[in-house]
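Quick look at work13.csv (CSV, C-alpha atoms and all ligand atoms):
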```
chain,number,residue,atom,x,y,z
A,16,MET,CA,-24.1,-18.9,-41.9
A,17,VAL,CA,-22.9,-15.4,-41.4
A,18,SER,CA,-20.1,-16.6,-39.1
A,19,ALA,CA,-19.1,-19.3,-41.7
A,20,ARG,CA,-18.8,-16.5,-44.2
A,21,ARG,CA,-16.8,-14.4,-41.8
A,22,LEU,CA,-14.5,-17.3,-41.2
A,23,ILE,CA,-13.9,-17.8,-44.9
A,24,SER,CA,-13.1,-14.2,-45.5
A,25,ARG,CA,-10.8,-14.2,-42.5
A,26,ILE,CA,-9.0,-17.1,-44.0
A,27,VAL,CA,-8.8,-15.5,-47.5
A,28,TYR,CA,-8.1,-11.9,-46.6
A,29,GLY,CA,-6.8,-12.0,-43.0
A,30,SER,CA,-7.4,-8.8,-41.1
A,31,ARG,CA,-6.1,-6.5,-43.8
A,32,TYR,CA,-9.6,-5.1,-44.7
A,33,ASP,CA,-11.1,-4.9,-41.2
A,34,ARG,CA,-10.8,-1.1,-41.1
A,35,VAL,CA,-12.5,-0.7,-44.5
A,36,HIS,CA,-16.3,0.1,-44.2
A,37,TRP,CA,-18.4,-2.9,-45.1
A,38,THR,CA,-20.0,-1.0,-48.0
A,39,GLN,CA,-16.5,-0.5,-49.5
A,40,ARG,CA,-15.0,-4.0,-48.9
A,41,VAL,CA,-16.5,-5.7,-51.9
A,42,TYR,CA,-14.9,-3.0,-54.1
A,43,VAL,CA,-11.4,-3.3,-52.7
A,44,ARG,CA,-10.7,-6.9,-51.8
A,45,PRO,CA,-8.8,-8.6,-54.7
A,46,GLY,CA,-10.8,-11.1,-56.7
A,47,GLU,CA,-14.1,-10.2,-55.0
A,48,ARG,CA,-15.7,-8.5,-58.0
A,49,LEU,CA,-15.2,-11.5,-60.3
A,50,ALA,CA,-16.4,-13.9,-57.6
A,51,ARG,CA,-19.6,-11.9,-57.0
A,52,GLU,CA,-20.3,-11.4,-60.7
A,53,ALA,CA,-19.9,-15.2,-61.3
A,54,ARG,CA,-22.2,-16.0,-58.5
A,55,TRP,CA,-24.8,-13.4,-59.8
A,56,ARG,CA,-24.7,-15.0,-63.3
A,57,TRP,CA,-25.1,-18.4,-61.6
A,58,ARG,CA,-28.1,-17.1,-59.7
A,59,LEU,CA,-29.8,-15.8,-62.9
A,60,ARG,CA,-29.2,-19.1,-64.7
A,61,ARG,CA,-30.7,-21.0,-61.8
A,62,ALA,CA,-33.8,-18.8,-61.3
A,63,PRO,CA,-36.8,-20.2,-63.2
A,64,VAL,CA,-38.7,-18.1,-65.8
A,65,VAL,CA,-42.5,-18.4,-65.5
A,66,PRO,CA,-45.5,-17.0,-67.4
A,67,LEU,CA,-47.2,-14.1,-65.7
A,68,ALA,CA,-50.5,-16.1,-65.2
A,69,ASP,CA,-48.6,-18.8,-63.3
A,70,TYR,CA,-46.7,-16.3,-61.3
A,71,ALA,CA,-49.9,-14.4,-60.4
A,72,ALA,CA,-51.8,-17.6,-59.5
A,73,ARG,CA,-49.3,-18.4,-56.7
A,74,THR,CA,-48.4,-14.9,-55.5
A,75,PRO,CA,-50.4,-12.9,-52.9
A,76,LEU,CA,-51.8,-9.5,-54.0
A,77,GLY,CA,-52.2,-6.5,-51.7
A,78,ALA,CA,-55.2,-4.2,-51.7
A,79,ILE,CA,-53.3,-1.4,-53.5
A,80,GLU,CA,-51.3,-3.6,-55.8
A,81,GLU,CA,-51.5,-5.0,-59.3
A,82,PHE,CA,-49.5,-7.5,-61.4
A,83,VAL,CA,-47.5,-5.9,-64.3
A,84,SER,CA,-45.4,-7.0,-67.3
A,85,CYS,CA,-42.0,-5.5,-68.0
A,86,LEU,CA,-42.7,-1.8,-68.5
A,87,MET,CA,-39.5,-1.4,-70.6
A,88,CYS,CA,-40.0,-4.1,-73.2
A,89,GLY,CA,-43.4,-5.5,-72.7
A,90,GLN,CA,-42.2,-9.1,-71.8
A,91,SER,CA,-44.8,-10.7,-69.6
A,92,ARG,CA,-42.7,-13.7,-68.4
A,93,GLN,CA,-41.2,-13.3,-64.9
A,94,GLN,CA,-38.0,-14.4,-63.3
A,95,PRO,CA,-38.6,-14.2,-59.5
A,96,LEU,CA,-35.4,-13.2,-57.7
A,97,PHE,CA,-35.8,-11.8,-54.2
A,98,GLU,CA,-38.3,-11.1,-51.4
A,99,PRO,CA,-36.8,-8.2,-49.5
A,100,ALA,CA,-38.3,-7.6,-46.1
A,101,ASN,CA,-37.5,-5.9,-42.8
A,102,GLY,CA,-38.6,-5.8,-39.2
A,103,ASP,CA,-41.1,-3.0,-39.7
A,104,GLY,CA,-43.4,-5.5,-41.3
A,105,TRP,CA,-43.0,-4.7,-45.0
A,106,SER,CA,-42.0,-7.1,-47.7
A,107,TYR,CA,-42.3,-7.3,-51.5
A,108,ARG,CA,-41.2,-9.4,-54.4
A,109,VAL,CA,-38.6,-8.4,-57.0
A,110,VAL,CA,-38.6,-10.0,-60.4
A,111,ARG,CA,-36.2,-9.7,-63.4
A,112,CYS,CA,-37.4,-9.4,-67.0
A,113,PRO,CA,-35.8,-12.4,-68.8
A,114,SER,CA,-35.7,-10.3,-72.1
A,115,CYS,CA,-34.2,-7.0,-71.1
A,116,GLY,CA,-33.0,-7.6,-67.6
A,117,PHE,CA,-35.1,-4.9,-65.9
A,118,LEU,CA,-35.6,-5.4,-62.2
A,119,TYR,CA,-39.0,-4.5,-60.7
A,120,ARG,CA,-41.4,-5.1,-57.9
A,121,ASN,CA,-44.2,-7.4,-58.9
A,122,PRO,CA,-46.9,-7.1,-57.8
A,123,ASN,CA,-46.4,-3.3,-58.1
A,124,VAL,CA,-48.3,-0.4,-56.6
A,125,ARG,CA,-51.4,0.8,-58.5
A,126,PRO,CA,-50.6,4.3,-59.7
A,127,GLU,CA,-53.8,5.8,-58.4
A,128,HIS,CA,-52.7,4.7,-54.9
A,129,LEU,CA,-49.2,6.1,-55.1
A,130,GLY,CA,-50.1,9.1,-52.9
A,131,ASP,CA,-51.1,6.6,-50.1
A,132,LEU,CA,-47.4,5.8,-49.6
A,133,TYR,CA,-46.5,9.4,-48.9
A,134,ALA,CA,-49.7,10.8,-47.4
A,135,THR,CA,-48.4,11.2,-43.8
A,136,GLY,CA,-45.2,11.0,-41.9
A,137,TYR,CA,-42.9,10.7,-44.9
A,138,SER,CA,-41.0,13.9,-44.1
A,139,GLY,CA,-40.1,13.0,-40.5
A,140,PHE,CA,-36.6,11.9,-41.1
A,141,LEU,CA,-35.5,14.7,-43.4
A,142,THR,CA,-33.6,16.7,-40.8
A,143,GLY,CA,-30.3,17.1,-39.1
A,144,ASP,CA,-27.4,14.9,-40.3
A,145,TYR,CA,-29.7,13.5,-43.0
A,146,ALA,CA,-30.2,16.9,-44.4
A,147,ALA,CA,-26.5,17.7,-44.4
A,148,ASN,CA,-25.6,14.4,-46.0
A,149,ARG,CA,-28.2,14.9,-48.7
A,150,GLN,CA,-27.1,18.4,-49.6
A,151,ARG,CA,-23.5,17.1,-49.7
A,152,ARG,CA,-24.7,14.4,-52.2
A,153,TYR,CA,-26.4,17.0,-54.3
A,154,ARG,CA,-23.3,19.2,-54.5
A,155,LEU,CA,-21.1,16.2,-55.4
A,156,THR,CA,-23.4,15.2,-58.2
A,157,MET,CA,-23.8,18.8,-59.5
A,158,ASP,CA,-19.9,18.9,-59.6
A,159,ALA,CA,-19.9,15.6,-61.5
A,160,PHE,CA,-22.0,17.2,-64.2
A,161,ALA,CA,-20.4,20.7,-64.2
A,162,PRO,CA,-21.1,23.2,-65.6
A,163,VAL,CA,-24.8,22.3,-65.9
A,164,PHE,CA,-25.5,23.5,-62.4
A,165,SER,CA,-22.8,26.2,-62.0
A,166,ASP,CA,-24.9,29.3,-62.9
A,167,GLY,CA,-28.7,29.2,-62.7
A,168,ARG,CA,-29.4,32.8,-63.5
A,169,GLY,CA,-32.1,33.2,-66.1
A,170,ARG,CA,-32.8,29.4,-66.1
A,171,ARG,CA,-35.9,27.5,-65.0
A,172,LEU,CA,-35.5,24.3,-62.9
A,173,LEU,CA,-38.1,21.8,-61.8
A,174,ASP,CA,-37.2,19.4,-58.9
A,175,PHE,CA,-39.7,16.5,-59.3
A,176,GLY,CA,-40.3,14.8,-55.9
A,177,CYS,CA,-38.7,17.8,-54.1
A,178,GLY,CA,-39.4,16.5,-50.6
A,179,ALA,CA,-38.6,19.1,-47.9
A,180,GLY,CA,-36.8,21.3,-50.4
A,181,LEU,CA,-33.2,20.4,-49.6
A,182,PHE,CA,-32.2,20.6,-53.2
A,183,LEU,CA,-34.4,23.5,-54.1
A,184,GLU,CA,-32.6,25.5,-51.4
A,185,LEU,CA,-29.2,24.9,-53.3
A,186,ALA,CA,-30.9,25.6,-56.6
A,187,GLU,CA,-32.1,29.0,-55.6
A,188,GLN,CA,-28.7,29.8,-54.0
A,189,ARG,CA,-27.2,29.2,-57.5
A,190,GLY,CA,-29.7,31.6,-59.1
A,191,PHE,CA,-32.2,29.2,-60.7
A,192,GLU,CA,-35.8,30.1,-61.0
A,193,ALA,CA,-36.7,26.9,-59.1
A,194,TYR,CA,-40.0,25.0,-58.7
A,195,GLY,CA,-40.7,21.7,-56.9
A,196,VAL,CA,-43.6,19.2,-56.7
A,197,ASP,CA,-44.1,16.4,-54.3
A,198,LEU,CA,-46.8,13.9,-53.2
A,199,SER,CA,-46.2,14.5,-49.4
A,200,PRO,CA,-48.1,17.5,-48.2
A,201,ASP,CA,-46.0,17.6,-45.0
A,202,SER,CA,-42.8,17.8,-47.0
A,203,VAL,CA,-44.2,20.6,-49.3
A,204,GLU,CA,-45.0,22.6,-46.2
A,205,GLN,CA,-41.5,22.2,-44.8
A,206,ALA,CA,-40.0,23.1,-48.2
A,207,ASN,CA,-41.9,26.3,-48.5
A,208,ALA,CA,-40.8,27.3,-44.9
A,209,ARG,CA,-37.2,26.8,-45.9
A,210,LEU,CA,-37.2,28.5,-49.3
A,211,THR,CA,-37.2,32.2,-50.2
A,212,ARG,CA,-37.8,32.6,-53.9
A,213,ALA,CA,-38.3,28.9,-55.0
A,214,ARG,CA,-41.8,27.4,-54.5
A,215,ALA,CA,-42.8,23.8,-53.8
A,216,TYR,CA,-46.3,22.5,-54.7
A,217,PHE,CA,-48.3,19.5,-53.7
A,218,GLY,CA,-49.5,17.2,-56.5
A,219,ALA,CA,-48.8,16.5,-60.1
A,220,PRO,CA,-46.9,18.9,-62.5
A,221,GLU,CA,-50.0,19.2,-64.8
A,222,ASP,CA,-52.1,20.6,-61.9
A,223,VAL,CA,-49.8,23.6,-61.3
A,224,PRO,CA,-50.1,26.2,-64.0
A,225,GLU,CA,-46.6,27.7,-63.5
A,226,ILE,CA,-45.1,24.2,-64.0
A,227,ALA,CA,-47.5,22.9,-66.6
A,228,GLU,CA,-46.4,25.7,-69.0
A,229,GLY,CA,-43.0,23.9,-69.2
A,230,GLY,CA,-40.0,25.6,-70.7
A,231,PHE,CA,-37.6,24.1,-68.1
A,232,ASP,CA,-33.9,24.2,-68.7
A,233,VAL,CA,-33.3,21.6,-66.0
A,234,ILE,CA,-35.4,18.9,-64.4
A,235,THR,CA,-34.0,16.9,-61.5
A,236,LEU,CA,-35.1,13.5,-60.0
A,237,TRP,CA,-33.1,12.9,-56.8
A,238,SER,CA,-33.8,9.4,-55.6
A,239,VAL,CA,-37.3,9.5,-57.2
A,240,LEU,CA,-37.1,7.3,-60.3
A,241,ALA,CA,-37.3,4.1,-58.3
A,242,HIS,CA,-40.6,5.3,-56.8
A,243,LEU,CA,-42.4,5.8,-60.1
A,244,PRO,CA,-45.0,3.2,-61.1
A,245,ARG,CA,-45.6,4.7,-64.6
A,246,PRO,CA,-42.2,5.9,-65.7
A,247,LEU,CA,-43.0,6.0,-69.4
A,248,SER,CA,-45.8,8.6,-69.0
A,249,ASP,CA,-43.8,10.5,-66.4
A,250,PHE,CA,-40.8,10.7,-68.7
A,251,SER,CA,-42.9,11.7,-71.7
A,252,LEU,CA,-44.2,14.5,-69.6
A,253,PHE,CA,-40.7,15.6,-68.5
A,254,ARG,CA,-39.6,15.6,-72.2
A,255,ARG,CA,-42.6,17.9,-73.0
A,256,LEU,CA,-41.8,20.2,-70.0
A,257,LEU,CA,-38.1,20.7,-71.1
A,258,ALA,CA,-37.2,23.7,-73.2
A,259,PRO,CA,-35.0,23.2,-76.3
A,260,GLY,CA,-31.5,22.5,-75.0
A,261,GLY,CA,-32.9,21.2,-71.7
A,262,VAL,CA,-31.5,18.4,-69.5
A,263,LEU,CA,-32.9,15.9,-67.0
A,264,LEU,CA,-30.7,14.7,-64.1
A,265,VAL,CA,-31.4,11.3,-62.6
A,266,LEU,CA,-29.9,9.9,-59.4
A,267,THR,CA,-31.2,6.4,-58.4
A,268,VAL,CA,-30.1,3.1,-57.0
A,269,ASN,CA,-28.0,1.1,-59.5
A,270,ALA,CA,-29.4,-2.3,-60.5
A,271,ARG,CA,-25.9,-3.3,-61.5
A,272,SER,CA,-24.5,-2.4,-58.0
A,273,LEU,CA,-21.8,-4.8,-56.8
A,274,LEU,CA,-23.5,-4.5,-53.4
A,275,LEU,CA,-26.7,-6.0,-54.8
A,276,LYS,CA,-24.7,-8.8,-56.3
A,277,ALA,CA,-23.1,-9.4,-52.9
A,278,TYR,CA,-26.0,-9.0,-50.6
A,279,GLY,CA,-29.1,-9.9,-52.7
A,280,PRO,CA,-32.4,-9.4,-50.8
A,281,THR,CA,-30.8,-7.4,-48.0
A,282,TRP,CA,-29.3,-4.8,-50.5
A,283,SER,CA,-29.8,-1.2,-49.3
A,284,GLY,CA,-31.5,-0.3,-52.6
A,285,PHE,CA,-34.5,-2.5,-51.7
A,286,THR,CA,-36.3,0.1,-49.5
A,287,LYS,CA,-39.9,0.1,-48.5
A,288,ASN,CA,-41.3,2.4,-51.3
A,289,HIS,CA,-39.0,1.5,-54.2
A,290,LEU,CA,-40.8,0.0,-57.1
A,291,MET,CA,-38.3,-0.3,-60.0
A,292,PHE,CA,-34.5,-0.7,-60.2
A,293,TYR,CA,-32.7,0.7,-63.2
A,294,SER,CA,-29.3,0.0,-64.8
A,295,ALA,CA,-27.6,2.3,-67.3
A,296,GLU,CA,-29.0,0.0,-70.0
A,297,THR,CA,-32.7,0.0,-68.9
A,298,LEU,CA,-32.6,3.7,-68.2
A,299,ARG,CA,-31.5,4.2,-71.9
A,300,THR,CA,-34.6,2.2,-72.9
A,301,LEU,CA,-36.8,4.4,-70.9
A,302,LEU,CA,-35.2,7.6,-72.3
A,303,SER,CA,-35.2,6.5,-75.9
A,304,ARG,CA,-38.9,5.5,-75.7
A,305,THR,CA,-39.8,8.9,-74.3
A,306,GLY,CA,-38.0,11.0,-76.9
A,307,PHE,CA,-34.7,11.9,-75.3
A,308,ALA,CA,-31.7,12.4,-77.7
A,309,GLY,CA,-28.9,11.2,-75.5
A,310,VAL,CA,-27.5,10.4,-72.0
A,311,SER,CA,-24.3,10.6,-70.1
A,312,TYR,CA,-23.3,8.8,-66.9
A,313,ALA,CA,-21.1,9.7,-64.0
A,314,PRO,CA,-20.0,6.7,-61.9
A,315,HIS,CA,-20.8,7.1,-58.2
A,316,TYR,CA,-17.8,6.2,-56.0
A,317,GLY,CA,-19.7,6.9,-52.7
A,318,ASP,CA,-20.2,10.3,-51.1
A,319,ALA,CA,-17.4,9.8,-48.6
A,320,VAL,CA,-14.8,8.9,-51.3
A,321,GLU,CA,-15.9,11.8,-53.5
A,322,ALA,CA,-15.9,14.3,-50.6
A,323,GLY,CA,-12.5,13.0,-49.4
A,324,THR,CA,-13.8,12.0,-45.9
A,325,ASP,CA,-13.3,8.3,-46.3
A,326,ARG,CA,-10.6,6.5,-44.4
A,327,LEU,CA,-9.2,4.5,-47.3
A,328,THR,CA,-5.5,4.5,-48.1
A,329,GLU,CA,-4.7,5.9,-51.5
A,330,PRO,CA,-4.0,2.5,-53.2
A,331,LEU,CA,-7.3,1.2,-51.9
A,332,ARG,CA,-9.2,4.3,-53.1
A,333,ARG,CA,-7.7,3.8,-56.5
A,334,ARG,CA,-8.7,0.1,-56.5
A,335,LEU,CA,-12.3,1.0,-55.4
A,336,ARG,CA,-12.6,3.5,-58.3
A,337,ARG,CA,-11.2,0.9,-60.8
A,338,THR,CA,-13.6,-1.8,-59.6
A,339,ILE,CA,-16.6,0.5,-59.8
A,340,GLU,CA,-15.7,1.6,-63.4
A,341,ALA,CA,-14.9,-2.0,-64.5
A,342,ALA,CA,-18.2,-3.4,-63.2
A,343,ASP,CA,-20.4,-0.3,-63.7
A,344,GLY,CA,-21.0,-1.4,-60.1
A,345,GLY,CA,-21.4,1.8,-58.0
A,346,ASN,CA,-24.3,1.6,-55.6
A,347,MET,CA,-26.0,4.6,-57.1
A,348,MET,CA,-26.4,5.6,-60.8
A,349,ARG,CA,-26.1,9.2,-61.9
A,350,ALA,CA,-27.2,10.2,-65.4
A,351,LEU,CA,-27.7,13.4,-67.4
A,352,ALA,CA,-30.3,13.0,-70.2
A,353,PHE,CA,-30.3,15.4,-73.1
A,354,ALA,CA,-33.7,16.5,-74.5
A,355,ASP,CA,-32.4,17.1,-78.0
A,356,GLN,CA,-29.3,17.7,-80.2
A,357,GLU,CA,-29.0,21.2,-79.0
A,358,ALA,CA,-28.8,20.0,-75.4
A,359,ILE,CA,-26.0,17.6,-76.4
A,360,ALA,CA,-24.1,20.3,-78.2
A,361,ARG,CA,-24.5,22.7,-75.2
A,362,TRP,CA,-23.9,20.4,-72.2
A,363,GLY,CA,-22.3,17.3,-73.6
A,364,GLY,CA,-18.9,18.8,-73.3
A,365,ASP,CA,-16.1,16.2,-73.5
A,366,ARG,CA,-18.0,13.5,-71.7
A,367,ARG,CA,-19.2,10.3,-73.4
A,368,VAL,CA,-22.7,10.8,-74.8
A,369,HIS,CA,-24.8,7.7,-75.6
A,370,ARG,CA,-26.9,8.9,-78.5
A,371,LEU,CA,-30.5,7.4,-78.5
A,372,ARG,CA,-32.7,6.5,-81.4
A,373,THR,CA,-35.9,8.1,-80.3
A,374,ARG,CA,-38.2,5.2,-80.7
A,375,ALA,CA,-41.1,7.4,-79.4
A,376,GLN,CA,-41.3,8.9,-82.9
A,377,ALA,CA,-41.7,5.6,-84.6
A,378,ARG,CA,-43.8,3.9,-82.1
A,379,PRO,CA,-45.8,6.2,-79.8
A,380,VAL,CA,-46.1,5.2,-76.2
A,381,PRO,CA,-49.8,4.5,-75.4
A,382,ALA,CA,-51.3,7.2,-73.2
A,383,ALA,CA,-52.7,4.5,-70.8
A,384,ASP,CA,-49.2,3.1,-70.1
B,1,ZN,ZN,-38.1,-6.3,-70.3
```
Please express what this file holds, its structure, as structure tokens.
Amino acid sequence: MVSARRLISRIVYGSRYDRVHWTQRVYVRPGERLAREARWRWRLRRAPVVPLADYAARTPLGAIEEFVSCLMCGQSRQQPLFEPANGDGWSYRVVRCPSCGFLYRNPNVRPEHLGDLYATGYSGFLTGDYAANRQRRYRLTMDAFAPVFSDGRGRRLLDFGCGAGLFLELAEQRGFEAYGVDLSPDSVEQANARLTRARAYFGAPEDVPEIAEGGFDVITLWSVLAHLPRPLSDFSLFRRLLAPGGVLLVLTVNARSLLLKAYGPTWSGFTKNHLMFYSAETLRTLLSRTGFAGVSYAPHYGDAVEAGTDRLTEPLRRRLRRTIEAADGGNMMRALAFADQEAIARWGGDRRVHRLRTRAQARPVPAAD
């Protein structure tokens, strides 16, 4: 199968794109975006839509799992799409909401068991090259949303899901009064060994008095959103913890990624502990239901391209950027959410701000959600 595909692409494209990294090829080969998008639409039309009861009756349920309806719009019907798996022995099922298009794992992890996923060994790989690459990614994203992160003096920052403190280290260097929380005790210990003024805490924000008092100018979620089983209550909390004029930064895998459309169940965004997969559209739903006033996006072209360390020729680099913008198809999504009108006025700058009707005011989110 794979060799047949290789043969076809050899016939269509020759050897012209052999030197382009495979994660960039789909963005630069002529015609590929339209072909992948057409195939994706065909896949969605073909996938059956089933009531939740039928889906649950035929789907195995793990000890720490539960069946859920769409958390964004409440739709209970399910459109099963993928069963990602890998050699380490994990696998799960990804469904699509037929009403709003939200992609999520179903069955999902019961929130009271979320800590189980991170209890031990989660911090092991956060070192060396990984650390350098992560910090490069943080810098590139901070640049994309300049000047929000340029000068942290006199400003409070919370890094939710701070891991081993790689971002908190940059935040304290930029002058922020920085705090972090994480569910992995090992990571929190590593973070505090790395940091000088910033502090990392184990547990939930509500359990740490310095954090629970709120008044944050910035909250960051670096590759954390996809891990949250109860995003509505988490985002309601973030909204309460933000000071007037505050902003929330989100970086997460992009459910509209052209690489997902190309690779389906083997997409790099389907990692072991990811639970939900957002697009710009479903993130807007989440933000408007939890009281945010607006959101801006910065397309992600890939860290190598943004840092200038890729090996693309200039015409191919331009084509990659055009494809990502036309498809909203970058592999990651980066968003800056504004708590209120003051935040939009202060940080919106000249970027496009999607203003949100705060549905939370008209229809409160149930506390149990
Ligand atoms: Zn939905």
Neighbour list for Cys85 in chain A as JSON, numbers by chain, cut-off 12 Å, all atoms listed in the file, skip fewer than 3 positions in-chain = {"A": [67, 82, 88, 89, 90, 91, 92, 93, 94, 109, 110, 111, 112, 113, 114, 115, 116, 117, 118, 119, 120, 121, 122, 123, 244, 245, 246, 247, 291, 292, 297, 300, 301, 384]}
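Residues in contact range of Val239 in chain A, defined as at most 8 Å between only C-alpha atoms, with sequence neighbours fewer than 5 positions away removed, read Phe175, Gly176, Leu266 and Thr267 of chain A.
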What's around Ala100 in chain A at 9 Å? Count only C-alpha atoms, leave out sequence neighbours fewer than 3 positions away in its own chain, and write the answer as a PDB file with C-alpha atoms, in the coordinates of the input.
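Output file out.pdb is given in full below:
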```pdb
ATOM      1  CA  ASP A 103     -41.100  -3.000 -39.700  1.00  0.00           C
ATOM      2  CA  GLY A 104     -43.400  -5.500 -41.300  1.00  0.00           C
ATOM      3  CA  TRP A 105     -43.000  -4.700 -45.000  1.00  0.00           C
ATOM      4  CA  SER A 106     -42.000  -7.100 -47.700  1.00  0.00           C
ATOM      5  CA  TYR A 107     -42.300  -7.300 -51.500  1.00  0.00           C
ATOM      6  CA  ARG A 108     -41.200  -9.400 -54.400  1.00  0.00           C
ATOM      7  CA  PRO A 280     -32.400  -9.400 -50.800  1.00  0.00           C
ATOM      8  CA  THR A 281     -30.800  -7.400 -48.000  1.00  0.00           C
ATOM      9  CA  PHE A 285     -34.500  -2.500 -51.700  1.00  0.00           C
ATOM     10  CA  THR A 286     -36.300   0.100 -49.500  1.00  0.00           C
ATOM     11  CA  LYS A 287     -39.900   0.100 -48.500  1.00  0.00           C
TER      12      LYS A 287
END
```
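CA of Tyr145 in chain A sits 18.2 Å away from CA of Ala186 in chain A.
Residues having any atom no farther than 12 Å from (-9.8, -4.0, -41.3) (counting only C-alpha atoms) are A:Ser24, A:Arg25, A:Tyr28, A:Gly29, A:Ser30, A:Arg31, A:Tyr32, A:Asp33, A:Arg34, A:Val35, A:His36, A:Trp37, A:Gln39, A:Arg40, A:Val43, A:Arg44, A:Arg326, A:Leu327, A:Thr328.
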ask   = What's the 6 Å shell around range 306-320 of chain A, counting all atoms listed in the file, without same-chain residues fewer than 2 positions away, as an NGL selection string?
value = :A and (302-304 or 322-325 or 345 or 347 or 349-355 or 368-371 or 373 or 375)
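Between ligand ZN 1 (chain B) and the residues A:Val163, A:Phe191, A:Gln150, A:Val83, the shortest atom-to-atom distance, using only C-alpha atoms and all ligand atoms, involves A:Val83.
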query = Expressed in Å to a single decimal, how great is the separation between CA of Ile359 in chain A and CA of Ala161 in chain A?
reply = 13.8 Å
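If all atoms listed in the file are the atoms counted, then among A:Ile226, A:Ile26, A:Ile339, A:Val124 the closest residue to Glu81 in chain A is A:Val124.
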message = Please compute the CA of Ala134 in chain A-CA of Gly195 in chain A distance, one decimal, in Å.
response = 17.0 Å
task = Tell me, as an NGL selection string, which residues lie within 8 Å of Asp232 in chain A, counting all atoms listed in the file; anything in the same chain fewer than 5 positions away does not count.
result = :A and (170-172 or 257-262)
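Proximity of A:Ala277, A:Trp237, A:Leu264, A:Leu298 to ligand ZN 1 (chain B), computed with only C-alpha atoms and all ligand atoms, is greatest for A:Leu298.
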inquiry  = Given the point (-36.8, 15.8, -68.1) in the file's coordinates, find the residues that have an atom at most 6 Å from it, counting all atoms listed in the file, and give them as a PyMOL selection string.
reply    = chain A and resi 234+253-254+257+263
Selection from above, C-alpha atoms, as a tab-separated table (two decimals), in the coordinates of the input, can you write it?
```tsv
chain	number	residue	atom	x	y	z
A	234	ILE	CA	-35.40	18.90	-64.40
A	253	PHE	CA	-40.70	15.60	-68.50
A	254	ARG	CA	-39.60	15.60	-72.20
A	257	LEU	CA	-38.10	20.70	-71.10
A	263	LEU	CA	-32.90	15.90	-67.00
```
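The nearest approach to ligand ZN 1 (chain B) among the residues A:Asp197, A:Glu296, A:Glu192, A:Glu204, with all atoms listed in the file taken into account, belongs to A:Glu296.
When only C-alpha atoms and all ligand atoms are used to measure the gap to ligand ZN 1 (chain B), the shortest distance among A:Ala159, A:Ser165, A:His289, A:Met87 belongs to A:Met87.
Closest to ligand ZN 1 (chain B) among A:Thr38, A:Ser84, A:Asn269, A:Ser18 is A:Ser84, based on only C-alpha atoms and all ligand atoms.
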Since the input lacks atoms, please generate N, CA and C atoms for range 23-34 of chain A and provide them as a compact mmCIF listing (two decimals), in the coordinates of the input.
```txt
# COMPACT_ATOMS: atom_id res chain seq x y z
N ILE A 23 -14.55 -17.66 -43.61
CA ILE A 23 -13.90 -17.80 -44.90
C ILE A 23 -13.18 -16.55 -45.32
N SER A 24 -13.84 -15.38 -45.11
CA SER A 24 -13.10 -14.20 -45.50
C SER A 24 -11.94 -13.89 -44.64
N ARG A 25 -12.01 -14.35 -43.37
CA ARG A 25 -10.80 -14.20 -42.50
C ARG A 25 -9.67 -15.05 -43.04
N ILE A 26 -10.00 -16.25 -43.52
CA ILE A 26 -9.00 -17.10 -44.00
C ILE A 26 -8.38 -16.54 -45.34
N VAL A 27 -9.27 -16.03 -46.21
CA VAL A 27 -8.80 -15.50 -47.50
C VAL A 27 -8.09 -14.20 -47.38
N TYR A 28 -8.67 -13.27 -46.59
CA TYR A 28 -8.10 -11.90 -46.60
C TYR A 28 -7.41 -11.51 -45.31
N GLY A 29 -7.43 -12.39 -44.27
CA GLY A 29 -6.80 -12.00 -43.00
C GLY A 29 -7.50 -10.81 -42.40
N SER A 30 -6.75 -9.95 -41.72
CA SER A 30 -7.40 -8.80 -41.10
C SER A 30 -7.10 -7.50 -41.84
N ARG A 31 -6.56 -7.65 -43.06
CA ARG A 31 -6.10 -6.50 -43.80
C ARG A 31 -7.24 -5.46 -44.10
N TYR A 32 -8.49 -5.97 -44.24
CA TYR A 32 -9.60 -5.10 -44.70
C TYR A 32 -10.55 -4.77 -43.54
N ASP A 33 -10.15 -5.12 -42.29
CA ASP A 33 -11.10 -4.90 -41.20
C ASP A 33 -11.45 -3.44 -40.98
N ARG A 34 -10.55 -2.55 -41.31
CA ARG A 34 -10.80 -1.10 -41.10
C ARG A 34 -11.58 -0.49 -42.24
```
